[in-house]
Structures are given as C-alpha cells and as structure tokens.
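Printed here is upload_17.pdb (PDB, C-alpha atoms):
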```pdb
ATOM      1  CA  MET A   1     -54.114  17.204 116.351  1.00  0.00           C
ATOM      2  CA  PHE A   2     -55.386  14.108 114.509  1.00  0.00           C
ATOM      3  CA  ASP A   3     -58.814  12.973 113.267  1.00  0.00           C
ATOM      4  CA  ILE A   4     -58.843   9.181 113.038  1.00  0.00           C
ATOM      5  CA  ALA A   5     -62.206   9.132 111.207  1.00  0.00           C
ATOM      6  CA  VAL A   6     -60.936  11.406 108.401  1.00  0.00           C
ATOM      7  CA  PHE A   7     -57.689   9.423 108.190  1.00  0.00           C
ATOM      8  CA  GLY A   8     -59.481   6.063 108.085  1.00  0.00           C
ATOM      9  CA  SER A   9     -62.051   7.170 105.517  1.00  0.00           C
ATOM     10  CA  LEU A  10     -59.506   8.537 103.018  1.00  0.00           C
ATOM     11  CA  PHE A  11     -57.013   5.726 103.608  1.00  0.00           C
ATOM     12  CA  LEU A  12     -59.648   3.055 102.920  1.00  0.00           C
ATOM     13  CA  THR A  13     -60.929   4.931  99.860  1.00  0.00           C
ATOM     14  CA  LEU A  14     -57.425   5.219  98.385  1.00  0.00           C
ATOM     15  CA  PHE A  15     -56.654   1.599  99.326  1.00  0.00           C
ATOM     16  CA  VAL A  16     -59.705   0.411  97.395  1.00  0.00           C
ATOM     17  CA  ILE A  17     -58.959   2.667  94.393  1.00  0.00           C
ATOM     18  CA  MET A  18     -55.200   2.068  94.191  1.00  0.00           C
ATOM     19  CA  ASP A  19     -55.682  -1.626  95.061  1.00  0.00           C
ATOM     20  CA  PRO A  20     -52.190  -2.666  96.302  1.00  0.00           C
ATOM     21  CA  PRO A  21     -52.898  -6.452  96.007  1.00  0.00           C
ATOM     22  CA  GLY A  22     -54.208  -5.963  92.462  1.00  0.00           C
ATOM     23  CA  VAL A  23     -51.128  -3.928  91.506  1.00  0.00           C
ATOM     24  CA  THR A  24     -48.852  -6.836  92.486  1.00  0.00           C
ATOM     25  CA  PRO A  25     -49.230  -9.027  89.356  1.00  0.00           C
ATOM     26  CA  ILE A  26     -49.056  -5.953  87.080  1.00  0.00           C
ATOM     27  CA  PHE A  27     -45.866  -4.778  88.816  1.00  0.00           C
ATOM     28  CA  LEU A  28     -44.320  -8.235  88.415  1.00  0.00           C
ATOM     29  CA  ALA A  29     -45.291  -8.361  84.724  1.00  0.00           C
ATOM     30  CA  LEU A  30     -43.825  -4.915  84.030  1.00  0.00           C
ATOM     31  CA  THR A  31     -40.566  -5.583  85.879  1.00  0.00           C
ATOM     32  CA  ALA A  32     -40.114  -9.183  84.703  1.00  0.00           C
ATOM     33  CA  GLY A  33     -36.592 -10.149  83.724  1.00  0.00           C
ATOM     34  CA  ARG A  34     -34.960  -7.469  85.846  1.00  0.00           C
ATOM     35  CA  PRO A  35     -32.767  -8.170  88.909  1.00  0.00           C
ATOM     36  CA  VAL A  36     -34.502  -8.144  92.304  1.00  0.00           C
ATOM     37  CA  LYS A  37     -32.484  -5.056  93.302  1.00  0.00           C
ATOM     38  CA  THR A  38     -33.800  -3.208  90.223  1.00  0.00           C
ATOM     39  CA  GLN A  39     -37.376  -4.327  90.968  1.00  0.00           C
ATOM     40  CA  LYS A  40     -37.096  -2.915  94.488  1.00  0.00           C
ATOM     41  CA  ARG A  41     -35.758   0.392  93.152  1.00  0.00           C
ATOM     42  CA  MET A  42     -38.610   0.593  90.647  1.00  0.00           C
ATOM     43  CA  ALA A  43     -41.125  -0.031  93.443  1.00  0.00           C
ATOM     44  CA  TRP A  44     -39.706   3.015  95.263  1.00  0.00           C
ATOM     45  CA  GLN A  45     -39.768   5.128  92.084  1.00  0.00           C
ATOM     46  CA  ALA A  46     -43.376   4.192  91.244  1.00  0.00           C
ATOM     47  CA  ALA A  47     -44.609   5.029  94.760  1.00  0.00           C
ATOM     48  CA  THR A  48     -42.667   8.330  94.724  1.00  0.00           C
ATOM     49  CA  VAL A  49     -44.069   9.397  91.340  1.00  0.00           C
ATOM     50  CA  ALA A  50     -47.629   8.553  92.422  1.00  0.00           C
ATOM     51  CA  PHE A  51     -47.158  10.504  95.683  1.00  0.00           C
ATOM     52  CA  GLY A  52     -45.808  13.508  93.758  1.00  0.00           C
ATOM     53  CA  VAL A  53     -48.760  13.580  91.355  1.00  0.00           C
ATOM     54  CA  ILE A  54     -51.309  13.168  94.163  1.00  0.00           C
ATOM     55  CA  THR A  55     -49.588  15.908  96.205  1.00  0.00           C
ATOM     56  CA  ILE A  56     -49.693  18.389  93.316  1.00  0.00           C
ATOM     57  CA  PHE A  57     -53.415  17.829  92.830  1.00  0.00           C
ATOM     58  CA  GLY A  58     -54.022  17.893  96.573  1.00  0.00           C
ATOM     59  CA  ILE A  59     -52.341  21.304  96.903  1.00  0.00           C
ATOM     60  CA  CYS A  60     -53.486  22.938  93.650  1.00  0.00           C
ATOM     61  CA  GLY A  61     -56.769  21.101  93.151  1.00  0.00           C
ATOM     62  CA  GLN A  62     -58.960  23.955  94.403  1.00  0.00           C
ATOM     63  CA  GLN A  63     -57.174  26.514  92.233  1.00  0.00           C
ATOM     64  CA  ILE A  64     -57.634  24.276  89.189  1.00  0.00           C
ATOM     65  CA  LEU A  65     -61.358  23.956  89.959  1.00  0.00           C
ATOM     66  CA  ASP A  66     -61.754  27.709  90.439  1.00  0.00           C
ATOM     67  CA  TYR A  67     -59.928  28.453  87.190  1.00  0.00           C
ATOM     68  CA  LEU A  68     -62.141  26.032  85.232  1.00  0.00           C
ATOM     69  CA  HIS A  69     -65.311  27.162  87.104  1.00  0.00           C
ATOM     70  CA  ILE A  70     -66.125  23.627  88.222  1.00  0.00           C
ATOM     71  CA  THR A  71     -68.428  23.258  91.250  1.00  0.00           C
ATOM     72  CA  THR A  72     -67.922  20.673  93.995  1.00  0.00           C
ATOM     73  CA  PRO A  73     -71.158  18.765  93.187  1.00  0.00           C
ATOM     74  CA  ALA A  74     -70.089  18.504  89.527  1.00  0.00           C
ATOM     75  CA  LEU A  75     -66.703  17.161  90.606  1.00  0.00           C
ATOM     76  CA  MET A  76     -68.348  14.705  93.015  1.00  0.00           C
ATOM     77  CA  ILE A  77     -70.691  13.355  90.323  1.00  0.00           C
ATOM     78  CA  ALA A  78     -67.894  13.139  87.729  1.00  0.00           C
ATOM     79  CA  GLY A  79     -65.619  11.506  90.301  1.00  0.00           C
ATOM     80  CA  GLY A  80     -68.349   9.038  91.224  1.00  0.00           C
ATOM     81  CA  LEU A  81     -68.802   8.071  87.577  1.00  0.00           C
ATOM     82  CA  LEU A  82     -65.021   7.610  87.177  1.00  0.00           C
ATOM     83  CA  LEU A  83     -64.894   5.445  90.302  1.00  0.00           C
ATOM     84  CA  LEU A  84     -67.852   3.424  89.019  1.00  0.00           C
ATOM     85  CA  LEU A  85     -66.021   2.714  85.742  1.00  0.00           C
ATOM     86  CA  ILE A  86     -62.938   1.588  87.669  1.00  0.00           C
ATOM     87  CA  ALA A  87     -65.137  -0.561  89.944  1.00  0.00           C
ATOM     88  CA  LEU A  88     -66.777  -2.240  86.939  1.00  0.00           C
ATOM     89  CA  ASP A  89     -63.330  -3.043  85.528  1.00  0.00           C
ATOM     90  CA  LEU A  90     -62.302  -4.582  88.847  1.00  0.00           C
ATOM     91  CA  LEU A  91     -65.515  -6.593  89.098  1.00  0.00           C
ATOM     92  CA  THR A  92     -65.491  -7.903  85.525  1.00  0.00           C
ATOM     93  CA  GLY A  93     -61.736  -8.270  85.202  1.00  0.00           C
ATOM     94  CA  LYS A  94     -61.763  -6.450  81.874  1.00  0.00           C
ATOM     95  CA  SER A  95     -59.095  -3.877  82.770  1.00  0.00           C
ATOM     96  CA  GLU A  96     -56.175  -4.234  80.406  1.00  0.00           C
ATOM     97  CA  GLU A  97     -52.763  -4.693  81.935  1.00  0.00           C
ATOM     98  CA  PRO A  98     -50.114  -2.480  80.345  1.00  0.00           C
ATOM     99  CA  THR A  99     -47.395  -4.331  78.479  1.00  0.00           C
ATOM    100  CA  GLN A 100     -43.733  -4.086  79.327  1.00  0.00           C
ATOM    101  CA  THR A 101     -41.698  -1.514  77.406  1.00  0.00           C
ATOM    102  CA  LYS A 102     -37.915  -1.682  77.491  1.00  0.00           C
ATOM    103  CA  ASP A 103     -37.134   1.881  76.339  1.00  0.00           C
ATOM    104  CA  VAL A 104     -38.972   3.688  79.171  1.00  0.00           C
ATOM    105  CA  ASN A 105     -38.857   3.420  82.933  1.00  0.00           C
ATOM    106  CA  VAL A 106     -42.134   1.593  83.652  1.00  0.00           C
ATOM    107  CA  ALA A 107     -41.910   2.751  87.281  1.00  0.00           C
ATOM    108  CA  LEU A 108     -42.778   6.257  86.038  1.00  0.00           C
ATOM    109  CA  VAL A 109     -45.243   5.389  83.266  1.00  0.00           C
ATOM    110  CA  PRO A 110     -47.550   3.478  83.474  1.00  0.00           C
ATOM    111  CA  LEU A 111     -46.958   2.345  87.084  1.00  0.00           C
ATOM    112  CA  GLY A 112     -46.633   5.697  88.893  1.00  0.00           C
ATOM    113  CA  MET A 113     -49.035   7.457  86.546  1.00  0.00           C
ATOM    114  CA  PRO A 114     -51.772   6.571  85.595  1.00  0.00           C
ATOM    115  CA  LEU A 115     -51.938   3.105  87.225  1.00  0.00           C
ATOM    116  CA  LEU A 116     -51.440   4.286  90.827  1.00  0.00           C
ATOM    117  CA  ALA A 117     -52.144   8.041  90.602  1.00  0.00           C
ATOM    118  CA  GLY A 118     -55.194   7.634  88.385  1.00  0.00           C
ATOM    119  CA  PRO A 119     -58.291   9.834  88.013  1.00  0.00           C
ATOM    120  CA  GLY A 120     -60.164   8.136  90.839  1.00  0.00           C
ATOM    121  CA  ALA A 121     -57.389   8.706  93.373  1.00  0.00           C
ATOM    122  CA  ILE A 122     -56.845  12.302  92.202  1.00  0.00           C
ATOM    123  CA  VAL A 123     -60.536  13.196  92.504  1.00  0.00           C
ATOM    124  CA  SER A 124     -60.779  11.570  95.950  1.00  0.00           C
ATOM    125  CA  VAL A 125     -57.760  13.518  97.239  1.00  0.00           C
ATOM    126  CA  ILE A 126     -59.013  16.868  95.860  1.00  0.00           C
ATOM    127  CA  LEU A 127     -62.381  16.341  97.579  1.00  0.00           C
ATOM    128  CA  ALA A 128     -60.778  15.180 100.845  1.00  0.00           C
ATOM    129  CA  VAL A 129     -58.476  18.232 101.003  1.00  0.00           C
ATOM    130  CA  GLN A 130     -61.398  20.492 100.146  1.00  0.00           C
ATOM    131  CA  HIS A 131     -63.634  19.060 102.890  1.00  0.00           C
ATOM    132  CA  ALA A 132     -60.926  19.079 105.591  1.00  0.00           C
ATOM    133  CA  ASP A 133     -61.710  22.574 106.908  1.00  0.00           C
ATOM    134  CA  SER A 134     -59.563  22.369 110.062  1.00  0.00           C
ATOM    135  CA  PHE A 135     -55.825  21.976 110.678  1.00  0.00           C
ATOM    136  CA  LYS A 136     -56.519  18.627 112.372  1.00  0.00           C
ATOM    137  CA  GLY A 137     -58.440  17.471 109.297  1.00  0.00           C
ATOM    138  CA  GLN A 138     -55.657  18.555 106.924  1.00  0.00           C
ATOM    139  CA  VAL A 139     -53.025  16.703 108.989  1.00  0.00           C
ATOM    140  CA  SER A 140     -55.210  13.568 108.917  1.00  0.00           C
ATOM    141  CA  VAL A 141     -55.721  13.810 105.142  1.00  0.00           C
ATOM    142  CA  TRP A 142     -52.010  14.156 104.364  1.00  0.00           C
ATOM    143  CA  CYS A 143     -51.110  11.377 106.803  1.00  0.00           C
ATOM    144  CA  ALA A 144     -53.581   9.097 104.984  1.00  0.00           C
ATOM    145  CA  ILE A 145     -52.048  10.042 101.609  1.00  0.00           C
ATOM    146  CA  ALA A 146     -48.529   9.336 102.895  1.00  0.00           C
ATOM    147  CA  ALA A 147     -49.615   6.073 104.571  1.00  0.00           C
ATOM    148  CA  ILE A 148     -51.231   4.580 101.451  1.00  0.00           C
ATOM    149  CA  HIS A 149     -48.099   5.319  99.404  1.00  0.00           C
ATOM    150  CA  VAL A 150     -45.941   3.605 102.032  1.00  0.00           C
ATOM    151  CA  VAL A 151     -48.275   0.590 101.804  1.00  0.00           C
ATOM    152  CA  LEU A 152     -48.001   0.611  97.996  1.00  0.00           C
ATOM    153  CA  TRP A 153     -44.208   0.747  98.190  1.00  0.00           C
ATOM    154  CA  VAL A 154     -44.032  -2.125 100.723  1.00  0.00           C
ATOM    155  CA  VAL A 155     -46.454  -4.283  98.696  1.00  0.00           C
ATOM    156  CA  MET A 156     -44.605  -3.754  95.411  1.00  0.00           C
ATOM    157  CA  ARG A 157     -41.197  -4.204  97.059  1.00  0.00           C
ATOM    158  CA  ASN A 158     -42.274  -7.548  98.506  1.00  0.00           C
ATOM    159  CA  SER A 159     -44.472  -8.569  95.570  1.00  0.00           C
ATOM    160  CA  LEU A 160     -42.536 -11.751  94.844  1.00  0.00           C
ATOM    161  CA  LEU A 161     -43.201 -13.027  98.360  1.00  0.00           C
ATOM    162  CA  ILE A 162     -46.852 -11.848  98.358  1.00  0.00           C
ATOM    163  CA  ILE A 163     -47.610 -13.674  95.092  1.00  0.00           C
ATOM    164  CA  ARG A 164     -46.234 -16.906  96.605  1.00  0.00           C
ATOM    165  CA  VAL A 165     -48.478 -16.509  99.679  1.00  0.00           C
ATOM    166  CA  ILE A 166     -51.871 -15.492  98.216  1.00  0.00           C
ATOM    167  CA  LYS A 167     -51.411 -16.988  94.725  1.00  0.00           C
ATOM    168  CA  ASP A 168     -53.206 -15.678  91.612  1.00  0.00           C
ATOM    169  CA  GLY A 169     -56.600 -16.786  92.959  1.00  0.00           C
ATOM    170  CA  GLY A 170     -56.139 -14.642  96.086  1.00  0.00           C
ATOM    171  CA  VAL A 171     -55.296 -11.570  94.032  1.00  0.00           C
ATOM    172  CA  VAL A 172     -58.413 -12.096  91.899  1.00  0.00           C
ATOM    173  CA  LEU A 173     -60.600 -12.496  95.003  1.00  0.00           C
ATOM    174  CA  VAL A 174     -59.247  -9.326  96.656  1.00  0.00           C
ATOM    175  CA  THR A 175     -59.660  -7.408  93.374  1.00  0.00           C
ATOM    176  CA  ARG A 176     -63.325  -8.476  93.083  1.00  0.00           C
ATOM    177  CA  LEU A 177     -64.047  -7.482  96.710  1.00  0.00           C
ATOM    178  CA  ALA A 178     -62.339  -4.126  96.121  1.00  0.00           C
ATOM    179  CA  GLY A 179     -64.520  -3.600  93.034  1.00  0.00           C
ATOM    180  CA  MET A 180     -67.687  -4.251  95.017  1.00  0.00           C
ATOM    181  CA  MET A 181     -66.703  -1.802  97.770  1.00  0.00           C
ATOM    182  CA  LEU A 182     -65.595   0.800  95.239  1.00  0.00           C
ATOM    183  CA  SER A 183     -68.880   0.596  93.315  1.00  0.00           C
ATOM    184  CA  ALA A 184     -70.797   1.317  96.541  1.00  0.00           C
ATOM    185  CA  LEU A 185     -68.513   4.286  97.288  1.00  0.00           C
ATOM    186  CA  ALA A 186     -68.990   5.566  93.723  1.00  0.00           C
ATOM    187  CA  VAL A 187     -72.790   5.402  93.893  1.00  0.00           C
ATOM    188  CA  GLN A 188     -72.759   7.161  97.274  1.00  0.00           C
ATOM    189  CA  GLN A 189     -70.556   9.925  95.876  1.00  0.00           C
ATOM    190  CA  ILE A 190     -72.928  10.431  92.927  1.00  0.00           C
ATOM    191  CA  ILE A 191     -75.903  10.569  95.318  1.00  0.00           C
ATOM    192  CA  ASN A 192     -74.102  13.149  97.490  1.00  0.00           C
ATOM    193  CA  GLY A 193     -73.340  15.283  94.436  1.00  0.00           C
ATOM    194  CA  ILE A 194     -76.938  15.164  93.180  1.00  0.00           C
ATOM    195  CA  THR A 195     -78.230  15.964  96.688  1.00  0.00           C
ATOM    196  CA  GLN A 196     -76.001  19.067  96.860  1.00  0.00           C
ATOM    197  CA  VAL A 197     -77.220  20.219  93.425  1.00  0.00           C
ATOM    198  CA  ILE A 198     -80.871  19.855  94.519  1.00  0.00           C
ATOM    199  CA  ALA A 199     -80.205  21.574  97.864  1.00  0.00           C
ATOM    200  CA  SER A 200     -78.534  24.567  96.187  1.00  0.00           C
ATOM    201  CA  HIS A 201     -81.561  25.257  93.958  1.00  0.00           C
TER     202      HIS A 201
END
```
With the file now loaded, output its structure as structure tokens.
Amino acid sequence: MFDIAVFGSLFLTLFVIMDPPGVTPIFLALTAGRPVKTQKRMAWQAATVAFGVITIFGICGQQILDYLHITTPALMIAGGLLLLLIALDLLTGKSEEPTQTKDVNVALVPLGMPLLAGPGAIVSVILAVQHADSFKGQVSVWCAIAAIHVVLWVVMRNSLLIIRVIKDGGVVLVTRLAGMMLSALAVQQIINGITQVIASH
C-alpha cells in the first residue's frame, strides 16, 4: 500500500524546492519582535496555508490543465524553467527576502504563499499526482506532501534553536547545495518534456 521510491522522490524534490533551512532566516526576519508563542503559532499557520494551496492544486491540477488545453510536456518544460530560475536564485543568492509588514499576517502572505507554496512546488505536485497511476502511488504522493509540510512546520517552529546551531554560514551552504541539486532536477525535467514532445510526433 506504499511506494517508497515515489515517496522519496517527491519528498526530496519538495525539500529542495521549499528549502526548509533557507526559509529559517526569512521566517525569523518576518516574525522579528513578536513573542516566541506568536512565532510558533505563525509557523503553524504558514505550514497550514502552504499545505492547503498545494492540496488544491494537487486535486484540481488536472482539471485546470484540461480546461486550459495544456499538455503534460508543456507543463514539464515550463516547470523545469521555473525550477531553473529558482535554482539560479539559490545559487547566486540574489533572491530578495520579503520585508516585514505589520498590517498583514505574514504567516499567510508571503510565508505560506508564495514563499513555501510557490510555482515550483505547485508544478511538481501536479506532475507527481498525474504520474501516480495507482492507489499505492497516490498514497505515497500525499504522504510525501504531508511529510514535507510537517518538516517545514518543525523547522520554522524551532528556527531560533536551528539558527544558533548551524549559524548564518550553514544556512548559506545548505541553500547553495539545494540550488545545485535543484538546477540538475530542472534540466532533467526540461529534457523529459522535450523527449515526450519528440516522441509524440
């Protein structure tokens, strides 16, 4: 009733895209000045919002594609290009961190969406759900989605402790490694999309 390969593949992909260690300093910057209890509540809210957005796209993704007449290879190539842009930001460190806003709940925007549930994660989930053609595969996909959001919640909830352990240099190192892995995944996804286009003609 469980496919460990499907689970592992999607979990690692989402881990690289959502980048829990890289989210830590951004979460701390956005929640600065608030009590620890409030920070922990916001960590829960951000993870919940991201899970809700990902779930909606996971369930309705195919219907959205059918309505817009978008083929899987086109989505794979577009998704690969999006992932590549994210990877380049991670590698070069040029991604801009959102600034704190007092009038809105930053756990919802920008933390939950689009920082965590961004285009790369959404595309990856739509493709994973689409390719899981068995009940066992679907269970594995949704377990991976749930697991990565639990990891995100735990990391953000304990971000103060994590920052003390790995320091800023550790976060930068992990972010760069994640960017390198993500760029390879992006290129592979583009290649797969192009291959499917060629094979269908």
*asked:* To test your reading of the syntax: which residues would the PyMOL selection byres ((chain A and resi 13) around 12) return for the file shown? Reply as number ranges by chain.
replied: A: 6-12, 14-19, 83, 120-125, 127-128, 141, 144-145, 148, 178-179, 181-186, 189
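Closest approach to Pro73 (chain A) from the set A:Gln45, A:Asn158, A:Gln196, A:Ser140 is made by A:Gln196, with distances taken over all atoms listed in the file.
Proximity of A:Leu85, A:Thr71, A:His149, A:Gly22 to Gly170 (chain A), computed with all atoms listed in the file, is greatest for A:Gly22.
With all atoms listed in the file taken into account, the protein and nucleic acid residues at most 10 Å from Val197 (chain A) (excluding it and anything under 2 positions from it in its own chain) are Thr71, Thr72, Pro73, Ala74, Ile77, Ile191, Asn192, Gly193, Ile194, Thr195, Ala199, Ser200 and His201 of chain A.
Across the structure, CA of Ala47 (chain A) and CA of Trp153 (chain A) are spaced 5.5 Å apart.
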_For the provided coordinates, the residues matched by the PyMOL selection byres ((chain A and resi 43) around 6) should be stated as JSON, numbers by chain._
{"A": [40, 41, 42, 44, 45, 46, 153, 156, 157]}
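The two atoms in question, CA of Val172 (chain A) and CA of Thr31 (chain A), are spaced 19.9 Å apart.
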*Pick out the closest residue to Leu75 (chain A) from this set: A:Gly137, A:Pro25, A:Pro119, A:Gly33. Count only C-alpha atoms.*
A:Pro119
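Between CA of Gly79 (chain A) and CA of Gly93 (chain A) the separation is 20.8 Å.
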*Just so the selection is clear, what residues does the PyMOL selection byres ((chain A and resi 24) around 12) cover here, as a PyMOL selection string?*
chain A and resi 18-23+25-32+39+43+97+111+115-116+151-164+166-168+170-172+174-175
_Restricting the calculation to only C-alpha atoms: of A:Gln188, A:Thr48, A:Gln62, A:Thr38, which residue gets closest to Gly112 (chain A)?_
A:Thr48
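Among the candidates A:Val187, A:Phe135, A:Gly169, A:Val150, the one nearest to Met1 (chain A) when counting all atoms listed in the file is A:Phe135.
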